[in-house]
file work-v7.cif (mmCIF, C-alpha atoms and all ligand atoms)
data_protein
loop_
_atom_site.group_PDB
_atom_site.id
_atom_site.type_symbol
_atom_site.label_atom_id
_atom_site.label_comp_id
_atom_site.auth_asym_id
_atom_site.auth_seq_id
_atom_site.Cartn_x
_atom_site.Cartn_y
_atom_site.Cartn_z
ATOM 1 C CA MET A 1 -126.657 -14.667 -170.059
ATOM 2 C CA LYS A 2 -125.639 -18.320 -169.605
ATOM 3 C CA ILE A 3 -126.221 -18.147 -165.839
ATOM 4 C CA GLN A 4 -129.680 -16.722 -166.419
ATOM 5 C CA GLY A 5 -130.437 -19.527 -168.888
ATOM 6 C CA ASP A 6 -129.223 -22.168 -166.401
ATOM 7 C CA LEU A 7 -131.314 -20.622 -163.656
ATOM 8 C CA LYS A 8 -134.383 -20.644 -165.863
ATOM 9 C CA GLN A 9 -133.787 -24.284 -166.760
ATOM 10 C CA ARG A 10 -133.275 -25.219 -163.087
ATOM 11 C CA LYS A 11 -136.528 -23.460 -162.174
ATOM 12 C CA THR A 12 -138.381 -25.375 -164.858
ATOM 13 C CA VAL A 13 -136.952 -28.676 -163.614
ATOM 14 C CA MET A 14 -137.929 -27.791 -160.037
ATOM 15 C CA ALA A 15 -141.443 -26.909 -161.156
ATOM 16 C CA LEU A 16 -141.734 -30.195 -163.019
ATOM 17 C CA GLU A 17 -140.413 -32.168 -160.049
ATOM 18 C CA LYS A 18 -142.951 -30.476 -157.813
ATOM 19 C CA ARG A 19 -145.648 -31.328 -160.299
ATOM 20 C CA PHE A 20 -144.540 -34.963 -160.413
ATOM 21 C CA THR A 21 -144.752 -35.159 -156.619
ATOM 22 C CA GLN A 22 -148.269 -33.764 -156.833
ATOM 23 C CA PHE A 23 -149.136 -36.378 -159.462
ATOM 24 C CA VAL A 24 -148.096 -39.311 -157.330
ATOM 25 C CA GLU A 25 -149.470 -37.895 -154.101
ATOM 26 C CA SER A 26 -152.947 -37.054 -155.281
ATOM 27 C CA PRO A 27 -155.223 -37.396 -152.247
ATOM 28 C CA THR A 28 -158.217 -38.567 -154.303
ATOM 29 C CA VAL A 29 -157.076 -42.151 -154.729
ATOM 30 C CA SER A 30 -155.260 -44.594 -152.511
ATOM 31 C CA GLY A 31 -152.531 -44.949 -155.127
ATOM 32 C CA THR A 32 -149.799 -47.491 -155.205
ATOM 33 C CA GLY A 33 -146.800 -45.178 -155.320
ATOM 34 C CA GLU A 34 -144.459 -44.568 -158.164
ATOM 35 C CA ALA A 35 -143.280 -47.691 -159.899
ATOM 36 C CA THR A 36 -139.565 -48.015 -159.359
ATOM 37 C CA ASP A 37 -136.757 -48.790 -161.765
ATOM 38 C CA ALA A 38 -136.142 -52.064 -159.924
ATOM 39 C CA THR A 39 -139.528 -53.328 -161.098
ATOM 40 C CA VAL A 40 -138.593 -53.067 -164.760
ATOM 41 C CA PRO A 41 -137.343 -56.415 -165.961
ATOM 42 C CA ARG A 42 -134.553 -56.481 -168.476
ATOM 43 C CA GLY A 43 -134.521 -58.443 -171.702
ATOM 44 C CA LEU A 44 -136.146 -58.437 -175.108
ATOM 45 C CA PRO A 45 -139.174 -56.229 -175.579
ATOM 46 C CA LYS A 46 -142.512 -58.013 -175.377
ATOM 47 C CA ILE A 47 -143.886 -55.714 -178.047
ATOM 48 C CA GLU A 48 -142.044 -53.608 -180.541
ATOM 49 C CA THR A 49 -143.263 -51.388 -183.356
ATOM 50 C CA ARG A 50 -140.793 -50.449 -186.057
ATOM 51 C CA THR A 51 -141.488 -47.495 -188.337
ATOM 52 C CA MET A 52 -145.142 -48.346 -187.951
ATOM 53 C CA SER A 53 -147.632 -46.111 -189.749
ATOM 54 C CA PHE A 54 -151.383 -46.404 -189.774
ATOM 55 C CA PHE A 55 -153.961 -45.180 -192.277
ATOM 56 C CA TYR A 56 -157.728 -44.784 -192.129
ATOM 57 C CA GLY A 57 -158.314 -44.792 -195.890
ATOM 58 C CA THR A 58 -156.102 -41.988 -197.158
ATOM 59 C CA LYS A 59 -155.845 -40.299 -193.774
ATOM 60 C CA GLN A 60 -152.602 -41.127 -191.993
ATOM 61 C CA ALA A 61 -153.211 -41.400 -188.246
ATOM 62 C CA LEU A 62 -149.795 -42.692 -187.113
ATOM 63 C CA HIS A 63 -146.363 -41.808 -188.512
ATOM 64 C CA ASP A 64 -143.315 -44.072 -188.217
ATOM 65 C CA ILE A 65 -143.778 -45.170 -184.631
ATOM 66 C CA ASN A 66 -140.681 -46.822 -183.145
ATOM 67 C CA LEU A 67 -141.489 -48.033 -179.673
ATOM 68 C CA GLN A 68 -140.480 -50.911 -177.408
ATOM 69 C CA ILE A 69 -142.624 -52.235 -174.594
ATOM 70 C CA GLN A 70 -140.948 -54.323 -171.899
ATOM 71 C CA ASP A 71 -142.396 -57.556 -170.580
ATOM 72 C CA ARG A 72 -144.250 -57.431 -167.238
ATOM 73 C CA SER A 73 -144.294 -53.704 -166.941
ATOM 74 C CA VAL A 74 -146.809 -50.906 -167.301
ATOM 75 C CA THR A 75 -146.404 -48.480 -170.188
ATOM 76 C CA ALA A 76 -148.663 -45.431 -170.260
ATOM 77 C CA LEU A 77 -149.618 -43.692 -173.508
ATOM 78 C CA ILE A 78 -150.472 -40.032 -173.049
ATOM 79 C CA GLY A 79 -151.171 -37.136 -175.383
ATOM 80 C CA PRO A 80 -153.863 -34.740 -176.574
ATOM 81 C CA SER A 81 -157.202 -35.963 -177.884
ATOM 82 C CA GLY A 82 -156.983 -37.258 -181.452
ATOM 83 C CA CYS A 83 -153.204 -37.822 -181.358
ATOM 84 C CA GLY A 84 -153.534 -41.549 -182.117
ATOM 85 C CA LYS A 85 -153.269 -43.288 -178.717
ATOM 86 C CA SER A 86 -156.277 -45.560 -179.229
ATOM 87 C CA THR A 87 -155.316 -46.235 -182.837
ATOM 88 C CA TYR A 88 -151.859 -47.291 -181.674
ATOM 89 C CA LEU A 89 -153.248 -49.459 -178.874
ATOM 90 C CA ARG A 90 -155.745 -51.172 -181.181
ATOM 91 C CA SER A 91 -153.029 -51.890 -183.723
ATOM 92 C CA LEU A 92 -151.248 -54.053 -181.126
ATOM 93 C CA ASN A 93 -153.877 -56.793 -181.319
ATOM 94 C CA ARG A 94 -155.162 -55.989 -184.803
ATOM 95 C CA MET A 95 -158.433 -54.634 -183.441
ATOM 96 C CA ASN A 96 -158.293 -51.988 -186.180
ATOM 97 C CA ASP A 97 -158.659 -54.759 -188.786
ATOM 98 C CA ILE A 98 -162.401 -54.661 -188.214
ATOM 99 C CA ILE A 99 -162.521 -51.047 -189.489
ATOM 100 C CA GLU A 100 -162.851 -51.099 -193.243
ATOM 101 C CA GLY A 101 -160.222 -49.373 -195.367
ATOM 102 C CA THR A 102 -157.481 -49.340 -192.738
ATOM 103 C CA ARG A 103 -153.856 -50.141 -193.472
ATOM 104 C CA VAL A 104 -150.676 -50.673 -191.465
ATOM 105 C CA THR A 105 -147.132 -50.311 -192.715
ATOM 106 C CA GLY A 106 -143.901 -51.117 -190.885
ATOM 107 C CA GLU A 107 -143.749 -53.859 -188.284
ATOM 108 C CA VAL A 108 -145.569 -54.754 -185.080
ATOM 109 C CA LEU A 109 -143.663 -57.496 -183.265
ATOM 110 C CA LEU A 110 -144.889 -59.653 -180.403
ATOM 111 C CA ASP A 111 -141.994 -61.650 -178.928
ATOM 112 C CA GLY A 112 -140.107 -60.782 -182.099
ATOM 113 C CA GLU A 113 -142.802 -62.112 -184.497
ATOM 114 C CA ASP A 114 -144.711 -59.833 -186.856
ATOM 115 C CA ILE A 115 -148.396 -59.964 -185.869
ATOM 116 C CA TYR A 116 -149.428 -58.718 -189.331
ATOM 117 C CA ALA A 117 -147.729 -61.629 -191.109
ATOM 118 C CA SER A 118 -150.131 -63.540 -193.360
ATOM 119 C CA GLU A 119 -149.940 -66.791 -191.376
ATOM 120 C CA VAL A 120 -150.964 -65.182 -188.071
ATOM 121 C CA ASP A 121 -154.310 -66.352 -186.703
ATOM 122 C CA VAL A 122 -156.023 -63.214 -185.431
ATOM 123 C CA VAL A 123 -158.231 -65.064 -182.939
ATOM 124 C CA SER A 124 -155.177 -66.631 -181.266
ATOM 125 C CA LEU A 125 -153.421 -63.274 -181.335
ATOM 126 C CA ARG A 126 -156.306 -61.602 -179.495
ATOM 127 C CA LYS A 127 -156.218 -64.364 -176.897
ATOM 128 C CA ARG A 128 -152.577 -63.507 -176.246
ATOM 129 C CA VAL A 129 -153.192 -59.760 -176.377
ATOM 130 C CA GLY A 130 -156.414 -58.954 -174.515
ATOM 131 C CA MET A 131 -158.185 -55.616 -174.419
ATOM 132 C CA VAL A 132 -160.216 -53.611 -171.945
ATOM 133 C CA PHE A 133 -162.125 -50.594 -173.239
ATOM 134 C CA GLN A 134 -162.977 -47.209 -171.781
ATOM 135 C CA LYS A 135 -166.640 -48.061 -171.438
ATOM 136 C CA SER A 136 -167.214 -51.349 -169.708
ATOM 137 C CA THR A 137 -168.815 -53.773 -172.107
ATOM 138 C CA PRO A 138 -170.242 -56.764 -170.246
ATOM 139 C CA PHE A 139 -172.290 -59.170 -172.349
ATOM 140 C CA PRO A 140 -175.986 -59.320 -171.411
ATOM 141 C CA LYS A 141 -175.359 -62.667 -169.756
ATOM 142 C CA SER A 142 -174.716 -63.926 -166.241
ATOM 143 C CA ILE A 143 -171.499 -62.994 -164.437
ATOM 144 C CA PHE A 144 -170.345 -66.604 -164.784
ATOM 145 C CA ASP A 145 -171.083 -66.754 -168.511
ATOM 146 C CA ASN A 146 -169.246 -63.487 -169.156
ATOM 147 C CA ILE A 147 -166.007 -64.940 -167.808
ATOM 148 C CA ALA A 148 -166.579 -68.415 -169.273
ATOM 149 C CA PHE A 149 -167.253 -66.942 -172.730
ATOM 150 C CA GLY A 150 -163.658 -66.934 -174.022
ATOM 151 C CA PRO A 151 -162.710 -70.376 -172.686
ATOM 152 C CA ARG A 152 -165.956 -71.812 -174.139
ATOM 153 C CA ILE A 153 -165.163 -70.311 -177.567
ATOM 154 C CA ALA A 154 -161.765 -71.979 -177.241
ATOM 155 C CA GLY A 155 -163.590 -75.304 -176.861
ATOM 156 C CA LEU A 156 -163.623 -75.804 -173.097
ATOM 157 C CA THR A 157 -166.845 -77.493 -171.937
ATOM 158 C CA LYS A 158 -166.006 -79.185 -168.627
ATOM 159 C CA LYS A 159 -167.993 -77.470 -165.881
ATOM 160 C CA THR A 160 -165.430 -77.926 -163.101
ATOM 161 C CA GLU A 161 -162.674 -76.448 -165.261
ATOM 162 C CA LEU A 162 -164.850 -73.512 -166.226
ATOM 163 C CA GLN A 163 -165.739 -72.947 -162.570
ATOM 164 C CA HIS A 164 -162.082 -72.958 -161.696
ATOM 165 C CA ILE A 165 -161.246 -70.382 -164.385
ATOM 166 C CA VAL A 166 -164.167 -68.133 -163.424
ATOM 167 C CA GLU A 167 -163.094 -68.123 -159.776
ATOM 168 C CA ARG A 168 -159.420 -67.531 -160.585
ATOM 169 C CA CYS A 169 -160.134 -64.604 -162.911
ATOM 170 C CA LEU A 170 -162.673 -62.937 -160.632
ATOM 171 C CA LYS A 171 -160.163 -63.199 -157.789
ATOM 172 C CA GLN A 172 -157.364 -61.802 -159.941
ATOM 173 C CA ALA A 173 -159.590 -58.889 -160.892
ATOM 174 C CA ALA A 174 -160.391 -58.247 -157.233
ATOM 175 C CA ILE A 175 -164.143 -58.676 -157.594
ATOM 176 C CA TRP A 176 -164.659 -62.256 -156.376
ATOM 177 C CA ASN A 177 -165.829 -61.321 -152.876
ATOM 178 C CA GLU A 178 -168.475 -58.993 -154.271
ATOM 179 C CA VAL A 179 -169.967 -61.460 -156.751
ATOM 180 C CA LYS A 180 -169.248 -64.991 -155.527
ATOM 181 C CA ASP A 181 -172.815 -65.476 -154.267
ATOM 182 C CA ARG A 182 -174.465 -64.097 -157.396
ATOM 183 C CA LEU A 183 -172.603 -65.679 -160.287
ATOM 184 C CA LYS A 184 -175.861 -66.585 -162.018
ATOM 185 C CA GLU A 185 -177.169 -63.022 -161.920
ATOM 186 C CA SER A 186 -176.895 -60.711 -164.908
ATOM 187 C CA ALA A 187 -173.614 -58.831 -165.260
ATOM 188 C CA MET A 188 -175.669 -55.822 -166.315
ATOM 189 C CA ALA A 189 -176.841 -55.410 -162.709
ATOM 190 C CA LEU A 190 -173.320 -54.640 -161.487
ATOM 191 C CA SER A 191 -172.115 -51.094 -160.808
ATOM 192 C CA GLY A 192 -169.864 -49.331 -163.345
ATOM 193 C CA GLY A 193 -166.715 -50.015 -161.322
ATOM 194 C CA GLN A 194 -167.702 -53.656 -160.835
ATOM 195 C CA GLN A 195 -168.500 -54.032 -164.545
ATOM 196 C CA GLN A 196 -165.052 -52.718 -165.437
ATOM 197 C CA ARG A 197 -163.374 -55.216 -163.097
ATOM 198 C CA LEU A 198 -165.604 -57.933 -164.579
ATOM 199 C CA CYS A 199 -164.345 -56.952 -168.055
ATOM 200 C CA ILE A 200 -160.762 -57.197 -166.799
ATOM 201 C CA ALA A 201 -161.581 -60.664 -165.399
ATOM 202 C CA ARG A 202 -163.097 -61.617 -168.757
ATOM 203 C CA ALA A 203 -159.954 -60.451 -170.561
ATOM 204 C CA LEU A 204 -157.850 -62.573 -168.178
ATOM 205 C CA ALA A 205 -159.882 -65.724 -168.848
ATOM 206 C CA THR A 206 -158.068 -66.514 -172.081
ATOM 207 C CA ASN A 207 -154.698 -66.363 -170.308
ATOM 208 C CA PRO A 208 -153.362 -63.356 -172.200
ATOM 209 C CA GLU A 209 -149.750 -62.268 -172.033
ATOM 210 C CA VAL A 210 -150.514 -58.629 -172.758
ATOM 211 C CA LEU A 211 -153.387 -56.446 -171.567
ATOM 212 C CA LEU A 212 -154.276 -53.330 -173.553
ATOM 213 C CA MET A 213 -156.358 -50.841 -171.610
ATOM 214 C CA ASP A 214 -157.943 -47.809 -173.213
ATOM 215 C CA GLU A 215 -158.812 -45.309 -170.480
ATOM 216 C CA PRO A 216 -160.141 -48.107 -168.252
ATOM 217 C CA ALA A 217 -160.956 -45.835 -165.325
ATOM 218 C CA SER A 218 -162.083 -42.631 -167.007
ATOM 219 C CA ALA A 219 -165.773 -43.260 -166.310
ATOM 220 C CA LEU A 220 -165.250 -44.326 -162.705
ATOM 221 C CA ASP A 221 -165.375 -42.543 -159.356
ATOM 222 C CA PRO A 222 -162.145 -42.055 -157.332
ATOM 223 C CA ALA A 223 -162.669 -45.157 -155.189
ATOM 224 C CA SER A 224 -163.263 -47.428 -158.194
ATOM 225 C CA THR A 225 -160.350 -45.784 -160.006
ATOM 226 C CA ALA A 226 -158.093 -46.565 -157.065
ATOM 227 C CA ARG A 227 -159.208 -50.206 -157.135
ATOM 228 C CA ILE A 228 -158.425 -50.469 -160.851
ATOM 229 C CA GLU A 229 -155.008 -48.878 -160.271
ATOM 230 C CA ASP A 230 -154.223 -51.281 -157.423
ATOM 231 C CA LEU A 231 -155.315 -54.087 -159.689
ATOM 232 C CA ILE A 232 -153.044 -52.952 -162.529
ATOM 233 C CA PHE A 233 -150.178 -52.814 -160.075
ATOM 234 C CA GLU A 234 -150.884 -56.433 -159.060
ATOM 235 C CA LEU A 235 -151.394 -57.653 -162.623
ATOM 236 C CA LYS A 236 -148.101 -56.375 -163.926
ATOM 237 C CA GLN A 237 -146.333 -59.119 -161.963
ATOM 238 C CA ASN A 238 -147.628 -61.505 -164.626
ATOM 239 C CA TYR A 239 -148.762 -59.416 -167.575
ATOM 240 C CA THR A 240 -147.442 -56.742 -169.871
ATOM 241 C CA ILE A 241 -149.800 -53.784 -169.631
ATOM 242 C CA VAL A 242 -150.214 -50.885 -172.029
ATOM 243 C CA ILE A 243 -152.620 -48.250 -170.796
ATOM 244 C CA VAL A 244 -153.985 -45.120 -172.448
ATOM 245 C CA THR A 245 -154.867 -42.458 -169.956
ATOM 246 C CA HIS A 246 -155.742 -38.779 -169.900
ATOM 247 C CA ASN A 247 -155.132 -38.798 -166.186
ATOM 248 C CA MET A 248 -151.489 -37.874 -165.759
ATOM 249 C CA GLN A 249 -151.563 -38.554 -162.035
ATOM 250 C CA GLN A 250 -152.593 -42.053 -162.935
ATOM 251 C CA ALA A 251 -149.794 -42.419 -165.494
ATOM 252 C CA ALA A 252 -147.296 -41.171 -162.909
ATOM 253 C CA ARG A 253 -148.528 -43.565 -160.236
ATOM 254 C CA ILE A 254 -148.798 -46.819 -162.123
ATOM 255 C CA SER A 255 -146.398 -46.860 -165.055
ATOM 256 C CA GLU A 256 -142.663 -47.425 -165.397
ATOM 257 C CA LYS A 257 -142.522 -45.957 -168.884
ATOM 258 C CA THR A 258 -144.564 -43.178 -170.435
ATOM 259 C CA ALA A 259 -144.883 -42.455 -174.139
ATOM 260 C CA PHE A 260 -146.051 -39.026 -175.242
ATOM 261 C CA PHE A 261 -147.874 -38.896 -178.575
ATOM 262 C CA CYS A 262 -148.800 -35.756 -180.493
ATOM 263 C CA MET A 263 -150.480 -35.473 -183.910
ATOM 264 C CA GLY A 264 -149.880 -39.095 -184.825
ATOM 265 C CA ARG A 265 -146.216 -39.056 -183.849
ATOM 266 C CA LEU A 266 -144.372 -40.463 -180.876
ATOM 267 C CA VAL A 267 -142.687 -37.392 -179.451
ATOM 268 C CA GLU A 268 -140.782 -39.211 -176.744
ATOM 269 C CA ILE A 269 -140.770 -42.225 -174.490
ATOM 270 C CA GLY A 270 -138.846 -42.607 -171.280
ATOM 271 C CA ARG A 271 -139.006 -43.592 -167.666
ATOM 272 C CA THR A 272 -142.170 -42.106 -166.244
ATOM 273 C CA LYS A 273 -140.344 -40.014 -163.669
ATOM 274 C CA GLN A 274 -138.046 -38.606 -166.330
ATOM 275 C CA ILE A 275 -140.943 -37.765 -168.646
ATOM 276 C CA PHE A 276 -142.740 -35.940 -165.832
ATOM 277 C CA THR A 277 -139.723 -34.189 -164.339
ATOM 278 C CA ASN A 278 -137.214 -33.793 -167.107
ATOM 279 C CA PRO A 279 -138.768 -34.311 -170.542
ATOM 280 C CA ILE A 280 -136.428 -33.933 -173.473
ATOM 281 C CA GLN A 281 -138.911 -32.352 -175.857
ATOM 282 C CA LYS A 282 -140.554 -28.993 -175.329
ATOM 283 C CA GLU A 283 -143.890 -30.342 -176.628
ATOM 284 C CA THR A 284 -143.899 -32.933 -173.818
ATOM 285 C CA GLU A 285 -143.137 -30.293 -171.219
ATOM 286 C CA ASP A 286 -145.895 -28.033 -172.549
ATOM 287 C CA TYR A 287 -148.367 -30.905 -172.407
ATOM 288 C CA ILE A 288 -147.585 -32.129 -168.925
ATOM 289 C CA THR A 289 -147.506 -28.637 -167.502
ATOM 290 C CA GLY A 290 -150.930 -28.019 -169.008
ATOM 291 C CA ARG A 291 -149.822 -25.392 -171.511
ATOM 292 C CA PHE A 292 -151.586 -27.255 -174.286
ATOM 293 C CA GLY A 293 -153.820 -30.279 -174.866
HETATM 294 N N1 LIG B 1 -162.669 -45.164 -187.474
HETATM 295 C C1 LIG B 1 -161.993 -44.087 -187.852
HETATM 296 N N2 LIG B 1 -162.061 -43.632 -189.118
HETATM 297 C C2 LIG B 1 -161.361 -42.541 -189.533
HETATM 298 N N3 LIG B 1 -160.550 -41.825 -188.720
HETATM 299 C C3 LIG B 1 -160.438 -42.224 -187.445
HETATM 300 C C4 LIG B 1 -161.148 -43.374 -186.923
HETATM 301 N N4 LIG B 1 -160.828 -43.508 -185.630
HETATM 302 C C5 LIG B 1 -159.976 -42.505 -185.337
HETATM 303 N N5 LIG B 1 -159.736 -41.742 -186.417
HETATM 304 C C6 LIG B 1 -158.863 -40.547 -186.504
HETATM 305 O O1 LIG B 1 -157.539 -40.934 -186.177
HETATM 306 C C7 LIG B 1 -156.918 -39.944 -185.354
HETATM 307 C C8 LIG B 1 -156.475 -40.596 -184.048
HETATM 308 O O2 LIG B 1 -157.620 -41.001 -183.331
HETATM 309 P P1 LIG B 1 -157.526 -41.819 -181.968
HETATM 310 O O3 LIG B 1 -158.907 -42.250 -181.612
HETATM 311 O O4 LIG B 1 -156.494 -42.854 -182.106
HETATM 312 O O5 LIG B 1 -157.017 -40.672 -180.961
HETATM 313 P P2 LIG B 1 -156.836 -40.685 -179.381
HETATM 314 O O6 LIG B 1 -155.465 -40.172 -179.110
HETATM 315 O O7 LIG B 1 -157.198 -42.011 -178.845
HETATM 316 O O8 LIG B 1 -157.882 -39.588 -178.910
HETATM 317 P P3 LIG B 1 -158.784 -39.514 -177.573
HETATM 318 O O9 LIG B 1 -157.840 -39.095 -176.482
HETATM 319 O O10 LIG B 1 -159.777 -38.448 -177.886
HETATM 320 O O11 LIG B 1 -159.416 -40.850 -177.344
HETATM 321 C C9 LIG B 1 -157.942 -38.841 -185.162
HETATM 322 O O12 LIG B 1 -157.688 -37.825 -186.095
HETATM 323 C C10 LIG B 1 -159.269 -39.522 -185.454
HETATM 324 O O13 LIG B 1 -160.184 -38.604 -185.998
HETATM 325 MG MG MG B 2 -158.760 -42.708 -177.589
#
call {"tool": "encode", "arguments": {"input": "work-v7.cif", "output": "structure tokens"}}
result
Amino acid sequence: MKIQGDLKQRKTVMALEKRFTQFVESPTVSGTGEATDATVPRGLPKIETRTMSFFYGTKQALHDINLQIQDRSVTALIGPSGCGKSTYLRSLNRMNDIIEGTRVTGEVLLDGEDIYASEVDVVSLRKRVGMVFQKSTPFPKSIFDNIAFGPRIAGLTKKTELQHIVERCLKQAAIWNEVKDRLKESAMALSGGQQQRLCIARALATNPEVLLMDEPASALDPASTARIEDLIFELKQNYTIVIVTHNMQQAARISEKTAFFCMGRLVEIGRTKQIFTNPIQKETEDYITGRFG
């Protein structure tokens, strides 16, 4: 009986390992390869949530989430639709505050400080913790003005400094070569993939420490998706990135850690390879093998 059970377990592990290899070797995108353990820096977490719960009015969307996110790494949040990924992501820079009737309990720490403490200035917080949404959201302004927007709000007026920031951010977001001769043109004239990279550049303009990305490539074609993934891989040298994705190949390729959410609960978090090849919880295994969700 025991031998049969072991055999069954071994088969499942082999199937999951095969699936992981398929995830990271998808031919549709150039990919950057699996992030390795060596790329995960040690030390205090950049972000930590402790028994964090979230409520939309009386409806509880998140239950006691305990999660640590390491500095300068990529953490992927996966899970079925409606499980609370976006709610969790938005709670990390208090973006949910703008929805009336919402409430957070527990703690959300950035460098060990509670971001929901009464003395925290939300505008400064959102400068430190930038966000990129699923649907690109350029302002109906020129490419230059889109990037200069944040620094201008922060009080920067000197043209040469603004020019410097715009160039740096567009280069960091790997779009400079495509737009450098048309900075005065409307950002709305860019393609979807270019608009998304422009939004990443705009998020970088306030010098954030953390970038939250909610399905940043879900509306893009494979080539644009690959560019965004390459970009994320570059950016994690300097930024802490938390990304929500429904694309498990993407999670496998770009993240060091993966957190699986289900029905408002964190089911498990672990090294991405472990989550995809040897998950502890059955729910995680069912999800990644496509049995539900
Ligand atoms: N503004 C809102 N008001 C009330 N309930 C909301 C609001 N936004 C989300 N919810 C509810 O909170 C739960 C979590 O939603 P959330 O958008 O965080 O899920 P998700 O995991 O991001 O899903 P998806 O993969 O479809 O984007 C869902 O039950 C959703 O209906
Ligand atoms: Mg969502």
call {"tool": "residues_around", "arguments": {"input": "work-v7.cif", "residues": "stretch 64-72 of chain A", "least_positions_apart": "6", "cutoff": "7 Å", "atoms": "only C-alpha atoms", "output": "JSON, numbers by chain"}}
result
{"A": [41, 45, 46, 47, 48, 49, 50, 51, 52, 53, 236, 237, 238, 239, 240, 265, 266]}
call {"tool": "closest_residue", "arguments": {"input": "work-v7.cif", "among": "A:Val123, A:Ile280, A:Val244, A:Leu198", "to": "ligand LIG 1 (chain B)", "atoms": "only C-alpha atoms and all ligand atoms"}}
result
A:Val244
call {"tool": "resolve_selection", "arguments": {"input": "work-v7.cif", "expression": "the PyMOL selection byres (((chain A and resi 127) around 9) and not hetatm)", "output": "PyMOL selection string"}}
result
chain A and resi 122-126+128-130+150+203+205-209
call {"tool": "resolve_selection", "arguments": {"input": "work-v7.cif", "expression": "the PyMOL selection byres (((not hetatm)) within 8 of (chain B and resi 1))", "output": "ChimeraX atom specification"}}
result
/A:56-57,59-62,78-88,99,244-246,261,263-264
call {"tool": "resolve_selection", "arguments": {"input": "work-v7.cif", "expression": "the PyMOL selection byres (((chain A and resi 218) around 9) and not hetatm)", "output": "short mmCIF file (atom, residue, chain, number, x, y, z; two decimals) with C-alpha atoms, in the coordinates of the input"}}
result
data_model
loop_
_atom_site.label_atom_id
_atom_site.label_comp_id
_atom_site.auth_asym_id
_atom_site.auth_seq_id
_atom_site.Cartn_x
_atom_site.Cartn_y
_atom_site.Cartn_z
CA GLN A 134 -162.98 -47.21 -171.78
CA LYS A 135 -166.64 -48.06 -171.44
CA GLU A 215 -158.81 -45.31 -170.48
CA PRO A 216 -160.14 -48.11 -168.25
CA ALA A 217 -160.96 -45.84 -165.32
CA ALA A 219 -165.77 -43.26 -166.31
CA LEU A 220 -165.25 -44.33 -162.71
CA ASP A 221 -165.38 -42.54 -159.36
CA THR A 225 -160.35 -45.78 -160.01
CA THR A 245 -154.87 -42.46 -169.96
CA HIS A 246 -155.74 -38.78 -169.90
CA ASN A 247 -155.13 -38.80 -166.19
#
call {"tool": "atom_distance", "arguments": {"input": "work-v7.cif", "atom1": "atom CA of A:Glu119", "atom2": "atom CA of A:Asp97"}}
result
15.1 Å
call {"tool": "closest_residue", "arguments": {"input": "work-v7.cif", "among": "A:Arg182, A:Arg253, A:Arg90, A:Arg202", "to": "A:Arg152", "atoms": "only C-alpha atoms"}}
result
A:Arg202
call {"tool": "closest_residue", "arguments": {"input": "work-v7.cif", "among": "A:Ala187, A:Leu204, A:Met95, A:Val108", "to": "A:Arg168", "atoms": "all atoms listed in the file"}}
result
A:Leu204
call {"tool": "atom_distance", "arguments": {"input": "work-v7.cif", "atom1": "atom CA of A:Lys184", "atom2": "atom CA of A:Ser142"}}
result
5.1 Å
call {"tool": "closest_residue", "arguments": {"input": "work-v7.cif", "among": "A:Phe133, A:Phe276, A:Phe55, A:Tyr116", "to": "ligand MG 2 (chain B)", "atoms": "all atoms listed in the file"}}
result
A:Phe133
call {"tool": "atom_distance", "arguments": {"input": "work-v7.cif", "atom1": "atom CA of A:Thr157", "atom2": "atom CA of A:Phe144"}}
result
13.5 Å
call {"tool": "closest_residue", "arguments": {"input": "work-v7.cif", "among": "A:Ala154, A:Val74, A:Ile243, A:His63", "to": "ligand MG 2 (chain B)", "atoms": "all atoms listed in the file"}}
result
A:Ile243
call {"tool": "closest_residue", "arguments": {"input": "work-v7.cif", "among": "A:Leu110, A:Val120, A:Met248, A:Leu170", "to": "A:Leu183", "atoms": "only C-alpha atoms"}}
result
A:Leu170
call {"tool": "build_atoms", "arguments": {"input": "work-v7.cif", "residues": "stretch 73-80 of chain A", "atoms": "N, CA and C atoms", "output": "PDB file, in the coordinates of the input"}}
result
ATOM      1  N   SER A  73    -144.443 -55.082-167.399  1.00  0.00           N
ATOM      2  CA  SER A  73    -144.294 -53.704-166.941  1.00  0.00           C
ATOM      3  C   SER A  73    -145.543 -52.951-167.373  1.00  0.00           C
ATOM      4  N   VAL A  74    -145.680 -51.734-166.873  1.00  0.00           N
ATOM      5  CA  VAL A  74    -146.809 -50.906-167.301  1.00  0.00           C
ATOM      6  C   VAL A  74    -146.267 -49.743-168.119  1.00  0.00           C
ATOM      7  N   THR A  75    -146.775 -49.604-169.328  1.00  0.00           N
ATOM      8  CA  THR A  75    -146.404 -48.480-170.188  1.00  0.00           C
ATOM      9  C   THR A  75    -147.641 -47.619-170.389  1.00  0.00           C
ATOM     10  N   ALA A  76    -147.519 -46.336-170.095  1.00  0.00           N
ATOM     11  CA  ALA A  76    -148.663 -45.431-170.260  1.00  0.00           C
ATOM     12  C   ALA A  76    -148.509 -44.657-171.564  1.00  0.00           C
ATOM     13  N   LEU A  77    -149.609 -44.524-172.302  1.00  0.00           N
ATOM     14  CA  LEU A  77    -149.618 -43.692-173.508  1.00  0.00           C
ATOM     15  C   LEU A  77    -150.414 -42.437-173.179  1.00  0.00           C
ATOM     16  N   ILE A  78    -149.777 -41.293-173.333  1.00  0.00           N
ATOM     17  CA  ILE A  78    -150.472 -40.032-173.049  1.00  0.00           C
ATOM     18  C   ILE A  78    -150.369 -39.123-174.272  1.00  0.00           C
ATOM     19  N   GLY A  79    -151.215 -38.104-174.286  1.00  0.00           N
ATOM     20  CA  GLY A  79    -151.171 -37.136-175.383  1.00  0.00           C
ATOM     21  C   GLY A  79    -152.544 -36.533-175.632  1.00  0.00           C
ATOM     22  N   PRO A  80    -152.594 -35.417-176.363  1.00  0.00           N
ATOM     23  CA  PRO A  80    -153.863 -34.740-176.574  1.00  0.00           C
ATOM     24  C   PRO A  80    -154.873 -35.590-177.348  1.00  0.00           C
TER      25      PRO A  80
END
